[in-house]
Amino acid sequence: MRLRQLPITAQQFATRYGIRFAEAGPALQAWPQIDDIPLYLQAPAADQPLDLYLRGEEPDPQTALLRVLHRLAIERETLPWQHPQLGPARWVLYRVDSNGNEAEMQRFLERTAAEALADHYQRKGHKQCYLIRAAD
C-alpha cells in the first residue's frame, strides 16, 4: 500500500540513512525494514522524490507511518502526499474451531485483503471456518 511521498530524493535518502537502492530500469527501489516495519521505497530517478509503501498487511498503517517518520526524523507536515484512507484496521479475520470458539487471527485495513486470506485458508481444507467482522 502506497502511504506517502517523502520530501527527499532517493539520492538524499541513500546518503542520509545508508540505504542502498537497486535499479529497475530507470527507477530505483529499496526494501528496508525500519522500526520492524517492512517497507518498499521507489523513485523514478535518483533526483526524484521517494514513494513510501508498506509491504504486507499492517494492522494500523497510520501508526506505522508515524513510527517510520519519527525514526527518519521527517516531519509529517512536510510530506506532499498521503494515502487518503490511512487509519487503524477496519476488519478482523477470525478462525472458528469445531466447538464454536473464535480466535482473532489478523487485522486488515481493507476487507478484500481479509477475504483473500480467509479464502486461502478455506482452500487448504482445514476443519476450522473463518469469518470477517468489522473491527471495534
# chains A, B, ... in the order shown; residues from 1 in each chain; ligands from 1

call {"tool": "closest_atom_pairs", "arguments": {"of": "segment 103-133 of chain A", "to": "segment 60-66 of chain A", "cutoff": "10 Å", "atoms": "only C-alpha atoms", "output": "CSV"}}
result
residue,atom,partner,partner_atom,distance
A:Arg107,CA,A:Asp60,CA,8.4
A:Phe108,CA,A:Asp60,CA,8.0
A:Leu109,CA,A:Asp60,CA,7.2

call {"tool": "write_last_selection", "arguments": {"atoms": "N, CA and C atoms", "output": "mmCIF file, in the first residue's frame"}}
result
data_model
loop_
_atom_site.group_PDB
_atom_site.id
_atom_site.type_symbol
_atom_site.label_atom_id
_atom_site.label_comp_id
_atom_site.auth_asym_id
_atom_site.auth_seq_id
_atom_site.Cartn_x
_atom_site.Cartn_y
_atom_site.Cartn_z
ATOM 1 N N ARG A 107 -5.649 -8.428 11.667
ATOM 2 C CA ARG A 107 -6.463 -7.260 11.352
ATOM 3 C C ARG A 107 -6.023 -6.679 10.015
ATOM 4 N N PHE A 108 -6.986 -6.089 9.311
ATOM 5 C CA PHE A 108 -6.735 -5.568 7.963
ATOM 6 C C PHE A 108 -7.367 -4.203 7.788
ATOM 7 N N LEU A 109 -6.738 -3.392 6.970
ATOM 8 C CA LEU A 109 -7.304 -2.101 6.611
ATOM 9 C C LEU A 109 -8.438 -2.287 5.604
#

call {"tool": "residues_around", "arguments": {"residues": "Gly100 of chain A", "least_positions_apart": "4", "cutoff": "10 Å", "atoms": "only C-alpha atoms", "output": "ChimeraX atom specification"}}
result
/A:95-96,128-129

call {"tool": "closest_atom_pairs", "arguments": {"of": "segment 69-135 of chain A", "to": "segment 29-47 of chain A", "cutoff": "12 Å", "atoms": "only C-alpha atoms", "output": "CSV"}}
result
residue,atom,partner,partner_atom,distance
A:Leu69,CA,A:Ile34,CA,9.5
A:His70,CA,A:Asp35,CA,9.6
A:Arg71,CA,A:Asp35,CA,7.3
A:Leu72,CA,A:Ile34,CA,8.6

call {"tool": "write_last_selection", "arguments": {"atoms": "C-alpha atoms", "output": "tab-separated table (two decimals), in the first residue's frame"}}
result
chain	number	residue	atom	x	y	z
A	69	LEU	CA	8.64	9.16	10.07
A	70	HIS	CA	9.79	9.53	13.67
A	71	ARG	CA	12.75	7.18	13.11
A	72	LEU	CA	13.66	9.05	9.92

call {"tool": "atom_distance", "arguments": {"atom1": "atom CA of Gln5 of chain A", "atom2": "atom CA of Leu54 of chain A"}}
result
12.3 Å

call {"tool": "closest_residue", "arguments": {"among": "A:Asp136, A:Phe21, A:Val68, A:Lys127", "to": "Asn99 of chain A", "atoms": "only C-alpha atoms"}}
result
A:Lys127

call {"tool": "select_by_dssp", "arguments": {"residues": "chain A", "states": "strand (DSSP E)", "output": "mmCIF file with N, CA and C atoms, in the first residue's frame"}}
result
data_model
loop_
_atom_site.group_PDB
_atom_site.id
_atom_site.type_symbol
_atom_site.label_atom_id
_atom_site.label_comp_id
_atom_site.auth_asym_id
_atom_site.auth_seq_id
_atom_site.Cartn_x
_atom_site.Cartn_y
_atom_site.Cartn_z
ATOM 1 N N ARG A 2 0.654 2.109 -0.954
ATOM 2 C CA ARG A 2 1.419 3.357 -1.009
ATOM 3 C C ARG A 2 0.920 4.274 0.093
ATOM 4 N N LEU A 3 1.830 4.699 0.962
ATOM 5 C CA LEU A 3 1.455 5.551 2.085
ATOM 6 C C LEU A 3 1.634 7.028 1.792
ATOM 7 N N ARG A 4 2.819 7.355 1.359
ATOM 8 C CA ARG A 4 3.175 8.753 1.217
ATOM 9 C C ARG A 4 4.272 8.937 0.194
ATOM 10 N N GLN A 5 4.363 10.194 -0.244
ATOM 11 C CA GLN A 5 5.541 10.610 -0.992
ATOM 12 C C GLN A 5 6.418 11.354 0.015
ATOM 13 N N LEU A 6 7.685 11.011 0.065
ATOM 14 C CA LEU A 6 8.599 11.637 1.009
ATOM 15 C C LEU A 6 9.184 12.913 0.416
ATOM 16 N N PRO A 7 9.555 13.873 1.262
ATOM 17 C CA PRO A 7 10.079 15.146 0.761
ATOM 18 C C PRO A 7 11.570 15.115 0.452
ATOM 19 N N ILE A 8 12.134 13.923 0.247
ATOM 20 C CA ILE A 8 13.546 13.816 -0.111
ATOM 21 C C ILE A 8 13.682 12.888 -1.307
ATOM 22 N N THR A 9 14.776 13.033 -2.005
ATOM 23 C CA THR A 9 15.036 12.208 -3.187
ATOM 24 C C THR A 9 15.670 10.882 -2.766
ATOM 25 N N ALA A 22 18.315 -0.435 -5.596
ATOM 26 C CA ALA A 22 18.553 -1.251 -6.792
ATOM 27 C C ALA A 22 17.915 -0.538 -7.982
ATOM 28 N N GLU A 23 18.534 -0.692 -9.122
ATOM 29 C CA GLU A 23 17.975 -0.106 -10.337
ATOM 30 C C GLU A 23 16.989 -1.084 -10.952
ATOM 31 N N ALA A 24 15.836 -0.560 -11.325
ATOM 32 C CA ALA A 24 14.803 -1.331 -12.027
ATOM 33 C C ALA A 24 14.428 -0.515 -13.253
ATOM 34 N N ALA A 27 14.020 3.396 -12.828
ATOM 35 C CA ALA A 27 13.569 3.608 -11.442
ATOM 36 C C ALA A 27 14.544 3.004 -10.443
ATOM 37 N N LEU A 28 14.453 3.490 -9.210
ATOM 38 C CA LEU A 28 15.251 2.965 -8.103
ATOM 39 C C LEU A 28 14.310 2.371 -7.065
ATOM 40 N N GLN A 29 14.731 1.265 -6.446
ATOM 41 C CA GLN A 29 13.904 0.572 -5.475
ATOM 42 C C GLN A 29 14.760 0.126 -4.297
ATOM 43 N N ALA A 30 14.129 0.091 -3.115
ATOM 44 C CA ALA A 30 14.782 -0.453 -1.925
ATOM 45 C C ALA A 30 13.708 -1.092 -1.058
ATOM 46 N N GLN A 33 13.705 -2.287 6.244
ATOM 47 C CA GLN A 33 12.824 -2.501 7.380
ATOM 48 C C GLN A 33 13.215 -1.445 8.408
ATOM 49 N N ILE A 34 12.264 -0.601 8.768
ATOM 50 C CA ILE A 34 12.529 0.483 9.706
ATOM 51 C C ILE A 34 11.614 0.301 10.908
ATOM 52 N N ILE A 37 9.170 -2.442 10.690
ATOM 53 C CA ILE A 37 8.091 -2.267 9.713
ATOM 54 C C ILE A 37 8.686 -2.484 8.326
ATOM 55 N N PRO A 38 8.245 -3.527 7.604
ATOM 56 C CA PRO A 38 8.790 -3.780 6.271
ATOM 57 C C PRO A 38 8.249 -2.765 5.262
ATOM 58 N N LEU A 39 9.172 -2.114 4.567
ATOM 59 C CA LEU A 39 8.818 -1.050 3.625
ATOM 60 C C LEU A 39 9.319 -1.353 2.227
ATOM 61 N N TYR A 40 8.779 -0.621 1.286
ATOM 62 C CA TYR A 40 9.258 -0.615 -0.094
ATOM 63 C C TYR A 40 9.363 0.846 -0.490
ATOM 64 N N LEU A 41 10.525 1.251 -0.991
ATOM 65 C CA LEU A 41 10.746 2.620 -1.446
ATOM 66 C C LEU A 41 10.978 2.605 -2.949
ATOM 67 N N GLN A 42 10.411 3.590 -3.630
ATOM 68 C CA GLN A 42 10.581 3.657 -5.078
ATOM 69 C C GLN A 42 10.648 5.110 -5.520
ATOM 70 N N ALA A 43 11.516 5.369 -6.474
ATOM 71 C CA ALA A 43 11.613 6.690 -7.091
ATOM 72 C C ALA A 43 11.870 6.496 -8.584
ATOM 73 N N PRO A 49 11.554 12.599 -5.836
ATOM 74 C CA PRO A 49 11.056 12.221 -4.505
ATOM 75 C C PRO A 49 10.715 10.738 -4.430
ATOM 76 N N LEU A 50 10.857 10.204 -3.232
ATOM 77 C CA LEU A 50 10.572 8.790 -2.974
ATOM 78 C C LEU A 50 9.113 8.570 -2.627
ATOM 79 N N ASP A 51 8.579 7.455 -3.099
ATOM 80 C CA ASP A 51 7.279 6.973 -2.642
ATOM 81 C C ASP A 51 7.531 5.901 -1.599
ATOM 82 N N LEU A 52 6.774 5.943 -0.505
ATOM 83 C CA LEU A 52 6.904 5.012 0.604
ATOM 84 C C LEU A 52 5.704 4.075 0.616
ATOM 85 N N TYR A 53 5.972 2.768 0.578
ATOM 86 C CA TYR A 53 4.933 1.739 0.585
ATOM 87 C C TYR A 53 5.125 0.832 1.790
ATOM 88 N N LEU A 54 4.026 0.283 2.285
ATOM 89 C CA LEU A 54 4.082 -0.782 3.276
ATOM 90 C C LEU A 54 4.114 -2.111 2.550
ATOM 91 N N TRP A 81 2.190 14.259 -0.039
ATOM 92 C CA TRP A 81 1.027 13.435 -0.376
ATOM 93 C C TRP A 81 0.870 12.341 0.661
ATOM 94 N N GLN A 82 -0.372 11.999 0.987
ATOM 95 C CA GLN A 82 -0.659 10.893 1.905
ATOM 96 C C GLN A 82 -1.842 10.105 1.378
ATOM 97 N N TRP A 91 -11.053 -4.251 9.653
ATOM 98 C CA TRP A 91 -11.606 -5.600 9.504
ATOM 99 C C TRP A 91 -10.760 -6.600 10.269
ATOM 100 N N VAL A 92 -11.422 -7.586 10.884
ATOM 101 C CA VAL A 92 -10.733 -8.607 11.661
ATOM 102 C C VAL A 92 -11.098 -9.980 11.105
ATOM 103 N N LEU A 93 -10.074 -10.800 10.867
ATOM 104 C CA LEU A 93 -10.267 -12.182 10.436
ATOM 105 C C LEU A 93 -10.205 -13.075 11.668
ATOM 106 N N TYR A 94 -11.243 -13.897 11.846
ATOM 107 C CA TYR A 94 -11.319 -14.834 12.958
ATOM 108 C C TYR A 94 -11.308 -16.271 12.431
ATOM 109 N N ARG A 95 -10.719 -17.163 13.224
ATOM 110 C CA ARG A 95 -10.815 -18.601 12.976
ATOM 111 C C ARG A 95 -11.824 -19.145 13.986
ATOM 112 N N VAL A 96 -12.735 -19.962 13.514
ATOM 113 C CA VAL A 96 -13.746 -20.556 14.389
ATOM 114 C C VAL A 96 -13.500 -22.061 14.403
ATOM 115 N N GLU A 102 -13.979 -18.653 18.856
ATOM 116 C CA GLU A 102 -13.392 -17.735 17.881
ATOM 117 C C GLU A 102 -12.039 -17.251 18.365
ATOM 118 N N ALA A 103 -11.091 -17.184 17.438
ATOM 119 C CA ALA A 103 -9.762 -16.665 17.751
ATOM 120 C C ALA A 103 -9.400 -15.629 16.691
ATOM 121 N N GLU A 104 -9.038 -14.438 17.142
ATOM 122 C CA GLU A 104 -8.617 -13.401 16.198
ATOM 123 C C GLU A 104 -7.291 -13.813 15.571
ATOM 124 N N MET A 105 -7.228 -13.736 14.249
ATOM 125 C CA MET A 105 -6.006 -14.105 13.538
ATOM 126 C C MET A 105 -5.204 -12.885 13.125
ATOM 127 N N GLN A 106 -5.882 -11.935 12.459
ATOM 128 C CA GLN A 106 -5.168 -10.795 11.914
ATOM 129 C C GLN A 106 -6.153 -9.672 11.636
ATOM 130 N N ARG A 107 -5.649 -8.428 11.667
ATOM 131 C CA ARG A 107 -6.463 -7.260 11.352
ATOM 132 C C ARG A 107 -6.023 -6.679 10.015
ATOM 133 N N PHE A 108 -6.986 -6.089 9.311
ATOM 134 C CA PHE A 108 -6.735 -5.568 7.963
ATOM 135 C C PHE A 108 -7.367 -4.203 7.788
ATOM 136 N N CYS A 129 -13.508 -22.906 10.345
ATOM 137 C CA CYS A 129 -14.037 -21.976 9.353
ATOM 138 C C CYS A 129 -13.528 -20.578 9.731
ATOM 139 N N TYR A 130 -13.701 -19.652 8.839
ATOM 140 C CA TYR A 130 -13.148 -18.314 9.014
ATOM 141 C C TYR A 130 -14.246 -17.295 8.778
ATOM 142 N N LEU A 131 -14.225 -16.231 9.570
ATOM 143 C CA LEU A 131 -15.194 -15.171 9.364
ATOM 144 C C LEU A 131 -14.520 -13.823 9.529
ATOM 145 N N ILE A 132 -15.145 -12.825 8.943
ATOM 146 C CA ILE A 132 -14.607 -11.476 8.957
ATOM 147 C C ILE A 132 -15.658 -10.571 9.578
ATOM 148 N N ARG A 133 -15.219 -9.739 10.503
ATOM 149 C CA ARG A 133 -16.103 -8.766 11.136
ATOM 150 C C ARG A 133 -15.443 -7.397 11.114
ATOM 151 N N ALA A 134 -16.285 -6.386 11.182
ATOM 152 C CA ALA A 134 -15.763 -5.029 11.328
ATOM 153 C C ALA A 134 -15.076 -4.915 12.685
#
